[in-house]
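What follows is a set of notes on a single structure, which appears directly below.
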Amino acid sequence: MESMIFEELQNAVIEGDSEKSVSLAKNALEAGIPPLDVITNGLAKGVKTVGDLFSEGQVFLVELILAGDAMKAGMSVLLPVIKESKAEMISAGKVMIGTVQGDIHSIGKDIVGTLLEADGFEVLNVGEDVQSETFMEKVKEHKPDVLGLSSLLTVTMPAQKDVIEKLKASGLRGDVKVIVGGAPTTQEWADEIGADGWAGDAVSAVSLVKQLIKG
Amino acid sequence: MYRLLGRGEISAVHTAAMEVLERIGVVIQHDAALKKLADAGATVDDKTKVVKIPEYMVHDALQKSPRRHKLIARNPKYNIVIGDGDSYFTNAFGAHYTIDLETGERRLSTIKDLEEFTLLADYFQTVDYIKPNILPQDVPKSVWEQEMALAMFKSAEKHLSLVALTPEGWRDVIEMAKIYAGGEDEFIKNPSIIDTGFNNVPPLKYTREIIDMVLECAKYRIPFDISTGLLSSASGPVTLAGTIVQGIAENHAIVVLAQLIGPGTPIMWGSCATILDQRYGTAAYGSPENGLIHAAFCQMAHYYGLPYYGAAGVIDSKVPDQQAAYENTMNVLLATVSGADVVHDAVYGIVEAGVTASYEMFAISNDICGAIKRISKGIQVTPETLAVDIIETVGHEKNHLNTPEALKFTKKHLLEEQWQPLISNRTSRPEWEKRGSKTIEDVAREKVKEILLTHKIEPLDKKMESAMRKLIEDRTKKTKSN
Ligand code: B1M
């Protein structure tokens, strides 16, 4: 019974069917399956499958995003119950991501965010043209494990450095790993400005975040 | 001429675009611009900064927007008229990295690269006016646009399109252009001695900085290109028809604004849109869909009586290889045969979609674009070119290499009939082997080195140069003291 519901949930997510995901999550709760198991063995597994296939170039971005949405839809049924029972939610980690001040390129950063979500990370996407000060405030408020700074323009790359400097100055640097990315950035640039890592595409960004959170 | 859309389709696209402008609107994050638009009849939401523009305002603006305009060069033999029926080609824009000509290594771009690419663009016959191929990484960002402008003023006699990234930097560049034009009065008379270009922020948005710089252009009537940068299935709809509709609404918002501020400001109306590759999540420029977008957009531009500007020749390949060559060829050709007035990014000295400059690719693309220009020139049909007399004289036994009349005829028409590539190999095999069995990349590298050594231009007037240098120094001092 359980394994059948898990499989159906996985399929609902893989098909990107939010409605089905919600109704199956409800069924699972009614059947008395612990909500954390429903996530781990059902929803999250489905998204992981799609995420892995995307990394291999086997599914399209749109399918990945729809799978993520279906997972979130299912979660919305489960989360209140988890909160009530005070069970510990095991998220893979919390990642905050945004494009730095002066830069409005959004698509690359959004894709990185989507793929991280698919891999079970809690992602806070803070948008584009984000001032360094705003990053500070949000880091204080949300305490992410990793902060991701995207920059697509030569003129805005220094803003990545600026955020790192400001984190240092306000004593927050030790609490959060910082990664950078975007077309003109490189590993050398990341080293130079004292970031914890660099990724050239969304798939490597996910491996990088995993590695940083583990280490 | 290739015509992708039928009349009914053009009209349907237009109607849909007007609906987007009137009903959905465009975000313009600039209060003064919003006020101007509201005063002229648009509906503005002060909170969301969405402006909804009725169709009659578009028609008014199109009336004022020139169908053709001149771009003036330092050397008048390079003056061109955009919109005169020819397709004019530019080189590529904006590489942060460069594949070093000597070492073959990918390294940060320098101001010297910018000078060299500009000098090459001056030399290559396919480049009709010149864009900043390089974004140099070895000059301070506080005077970035200014240093780039000076490097370009020094390195070419053709018309220059300069980069506008920040309102402050752009104002300084305009001051430098006044020096270049021979004084303020001269510049006011001939502002098209320079031009620049802008993108929107798709979907349907413009930032304050972009609008500031557009207004500055309109004030002086400096020509500029405006091109939607949407990516289908990411910042615009997956359907190509919908992509065109959104792009028209985005571009038209700027035409309306610019013609309100500076009636008669020349606008090159265009697209650097393409698709997002859904498998890899990358912007795919060397895609056939990109070519189709240009073909359709170009027809719409002409329907509106505007010159079309299409960023068509962008290459996704990471090195100057076979993929690079076919990507460049396919879309420059399609844009050209569709009648694009400006094929931007045509002579493409960059790989990796705008990120890494390649000297070799520039020379290869020069040959590709030369061939395409030849195709676009077409076949001349006159009693003389139909050549019946010569066919008769040569008859059945002789040929065109051993008949004096035919030789004369060939000599007379050769250069207008046959295009001569600069580096493409057409020798016999033994000859090719004798010359070292070189690949096109090797030949391109050698050719570029030779041009850089031998191509000389009329130097920039020393007084002008030092006046520009002083302007840059003053700006540096001001930045430091702040
Ligand atoms: C935190 O951790 C990480 C880890 C990995 C990370 C990461 C963060 N962030 C990204 N990654 C990585 O993973 C992602 C997924 O694999 C990848 O993200 P990417 O963003 O690289 O990839 C995306 C999925 C698809 N790629 C993109 O979305 C960018 C494609 C290109 C063509 C591009 C686009 C589309 C746009 N642009 Co712009 N644009 C270009 C780009 C050329 C290029 N080849 O990159 C580039 C970046 N743009 C450039 C320029 C100059 C500009 N653009 C501008 C505007 C735009 C559009 C609005 C038209 C549009 C963006 C639309 C939008 N909503 O995002 C202007 C900037 C305005 C501003 N203040 O920001 C303007 C200044 C143009 C102008 N004169 O108006 C050039 C930058 C040159 C430079 N080095 O400074 C440019 C290289 C193109 C060029 N040569 O002209 C990786 O980089």
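For the structure tokens, the naming scheme is as follows: chains receive sequential letters (A, B, ...) according to their order of presentation, residues are indexed from 1 within each chain, and ligands are indexed from 1 in presentation order.
Any residue of chain A with an atom within 8 Å of chain B counts; using only C-alpha atoms, that gives Phe54, Gly57, Gln58, Val59, Phe60, Leu61, Val62, Ile104, Ile107, Gly108, Ile111, Thr154, Val155, Ala183 and Pro184 of chain A.
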Who sits within 6 Å of range 64-75 of chain A, only C-alpha atoms, same chain under 6 positions skipped, as a compact mmCIF listing (two decimals) with N, CA and C atoms, in the first residue's frame:
# COMPACT_ATOMS: atom_id res chain seq x y z
N VAL A 13 4.73 13.84 -9.45
CA VAL A 13 5.75 14.89 -9.51
C VAL A 13 6.48 14.84 -10.86
N ILE A 14 6.83 13.65 -11.28
CA ILE A 14 7.56 13.51 -12.54
C ILE A 14 6.72 14.07 -13.69
N GLY A 16 4.64 16.38 -13.34
CA GLY A 16 4.37 17.80 -13.08
C GLY A 16 2.90 18.07 -12.82
N ASP A 17 2.21 17.07 -12.24
CA ASP A 17 0.77 17.20 -12.02
C ASP A 17 0.49 17.63 -10.58
N SER A 18 0.33 18.94 -10.37
CA SER A 18 0.17 19.48 -9.01
C SER A 18 -1.12 18.98 -8.36
N SER A 21 -0.73 15.52 -7.18
CA SER A 21 0.21 15.50 -6.07
C SER A 21 -0.51 15.87 -4.77
N VAL A 22 -1.37 16.88 -4.83
CA VAL A 22 -2.13 17.29 -3.65
C VAL A 22 -3.06 16.18 -3.20
N ALA A 25 -1.17 13.29 -1.71
CA ALA A 25 -0.61 13.62 -0.40
C ALA A 25 -1.70 13.50 0.66
N LEU A 43 7.47 12.60 -2.83
CA LEU A 43 7.67 13.87 -3.55
C LEU A 43 9.13 14.12 -3.91
N VAL A 47 11.16 14.45 -7.64
CA VAL A 47 11.89 15.61 -8.12
C VAL A 47 13.35 15.27 -8.41
N ALA A 118 14.97 21.36 -6.76
CA ALA A 118 14.71 19.99 -7.19
C ALA A 118 15.56 19.01 -6.40
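Closest approach to Asn199 in chain B among B:Ala42, B:Ile130, B:Ile211, B:Val139: B:Ile211, based on only C-alpha atoms.
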Could you list, as a list of chain:residue names, every residue within 8 Å of range 452-468 of chain B, counting only C-alpha atoms and ignoring same-chain residues fewer than 6 positions away?
B:Glu116, B:Leu119, B:Leu120, B:Tyr123, B:Leu150, B:Phe153, B:Lys154, B:Ser155, B:Ala156, B:Glu157, B:Met176, B:Ile179, B:Tyr180
I need the strand (DSSP E) residues of range 9-161 of chain B per DSSP on the backbone, written as a VMD selection string.
chain B and resid 26 to 28 43 to 45 50 to 52 69 to 71 80 to 82 88 to 91 97 to 99 106 to 108 160 to 161
Using only C-alpha atoms and all ligand atoms, what does the table of chain A residues within 6 Å of ligand 1 look like, with each row giving the shortest atom pair and its distance in Å to one decimal, sorted by chain and ascending number, as a Markdown table?
| residue | atom | partner | partner_atom_place_in_ligand_line | distance |
| --- | --- | --- | --- | --- |
| A:Gly102 | CA | ligand 1 | 70 (N) | 5.1 |
| A:Asp103 | CA | ligand 1 | 71 (O) | 3.5 |
| A:Ile104 | CA | ligand 1 | 71 (O) | 4.0 |
| A:His105 | CA | ligand 1 | 65 (O) | 3.4 |
| A:Ser106 | CA | ligand 1 | 65 (O) | 3.9 |
| A:Ile107 | CA | ligand 1 | 65 (O) | 4.7 |
| A:Gly108 | CA | ligand 1 | 18 (O) | 3.2 |
| A:Lys109 | CA | ligand 1 | 9 (N) | 4.4 |
| A:Ile111 | CA | ligand 1 | 15 (C) | 5.6 |
| A:Val112 | CA | ligand 1 | 15 (C) | 5.7 |
| A:Gly148 | CA | ligand 1 | 1 (C) | 3.3 |
| A:Leu149 | CA | ligand 1 | 1 (C) | 4.1 |
| A:Ser150 | CA | ligand 1 | 8 (C) | 4.1 |
| A:Leu152 | CA | ligand 1 | 47 (C) | 4.5 |
| A:Leu153 | CA | ligand 1 | 83 (O) | 3.4 |
| A:Thr154 | CA | ligand 1 | 83 (O) | 3.8 |
| A:Val155 | CA | ligand 1 | 83 (O) | 6.0 |
| A:Ile179 | CA | ligand 1 | 1 (C) | 5.0 |
| A:Val180 | CA | ligand 1 | 1 (C) | 4.2 |
| A:Gly181 | CA | ligand 1 | 8 (C) | 3.6 |
| A:Gly182 | CA | ligand 1 | 91 (O) | 3.5 |
| A:Ala183 | CA | ligand 1 | 91 (O) | 4.2 |
| A:Pro184 | CA | ligand 1 | 82 (N) | 5.5 |
| A:Ala199 | CA | ligand 1 | 4 (C) | 4.6 |
| A:Gly200 | CA | ligand 1 | 12 (C) | 4.9 |
| A:Asp201 | CA | ligand 1 | 13 (O) | 3.4 |
| A:Ala202 | CA | ligand 1 | 16 (O) | 4.2 |
| A:Ala205 | CA | ligand 1 | 4 (C) | 5.0 |
Mind writing the picked residues with C-alpha atoms as a compact mmCIF listing (two decimals), in the first residue's frame?
# COMPACT_ATOMS: atom_id res chain seq x y z
CA GLY A 102 23.13 47.03 -11.03
CA ASP A 103 22.51 43.77 -12.85
CA ILE A 104 19.10 42.69 -14.09
CA HIS A 105 20.02 39.34 -15.67
CA SER A 106 17.68 36.90 -13.99
CA ILE A 107 17.36 33.73 -16.00
CA GLY A 108 20.61 31.98 -15.07
CA LYS A 109 20.09 32.61 -11.40
CA ILE A 111 17.59 28.15 -13.23
CA VAL A 112 20.22 27.56 -10.54
CA GLY A 148 24.64 32.57 -4.11
CA LEU A 149 25.55 35.75 -5.97
CA SER A 150 24.98 35.94 -9.70
CA LEU A 152 26.46 38.68 -15.76
CA LEU A 153 28.16 42.01 -16.33
CA THR A 154 31.77 43.05 -16.03
CA VAL A 155 30.67 46.21 -14.25
CA ILE A 179 29.25 31.07 -4.02
CA VAL A 180 29.39 33.13 -7.18
CA GLY A 181 28.49 32.56 -10.82
CA GLY A 182 27.42 34.14 -14.11
CA ALA A 183 28.88 34.18 -17.62
CA PRO A 184 31.93 36.45 -17.12
CA ALA A 199 30.02 27.26 -10.69
CA GLY A 200 29.83 27.67 -14.43
CA ASP A 201 26.36 26.18 -14.80
CA ALA A 202 23.36 25.14 -12.75
CA ALA A 205 26.17 24.79 -8.82
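CA of Thr114 in chain A lies 9.4 Å from CA of Gly51 in chain A.
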So how far away is CA of Glu416 in chain B from CA of Lys373 in chain B, in Å?
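According to the coordinates, CA of Lys373 in chain B and CA of Glu416 in chain B are separated by 12.2 Å.
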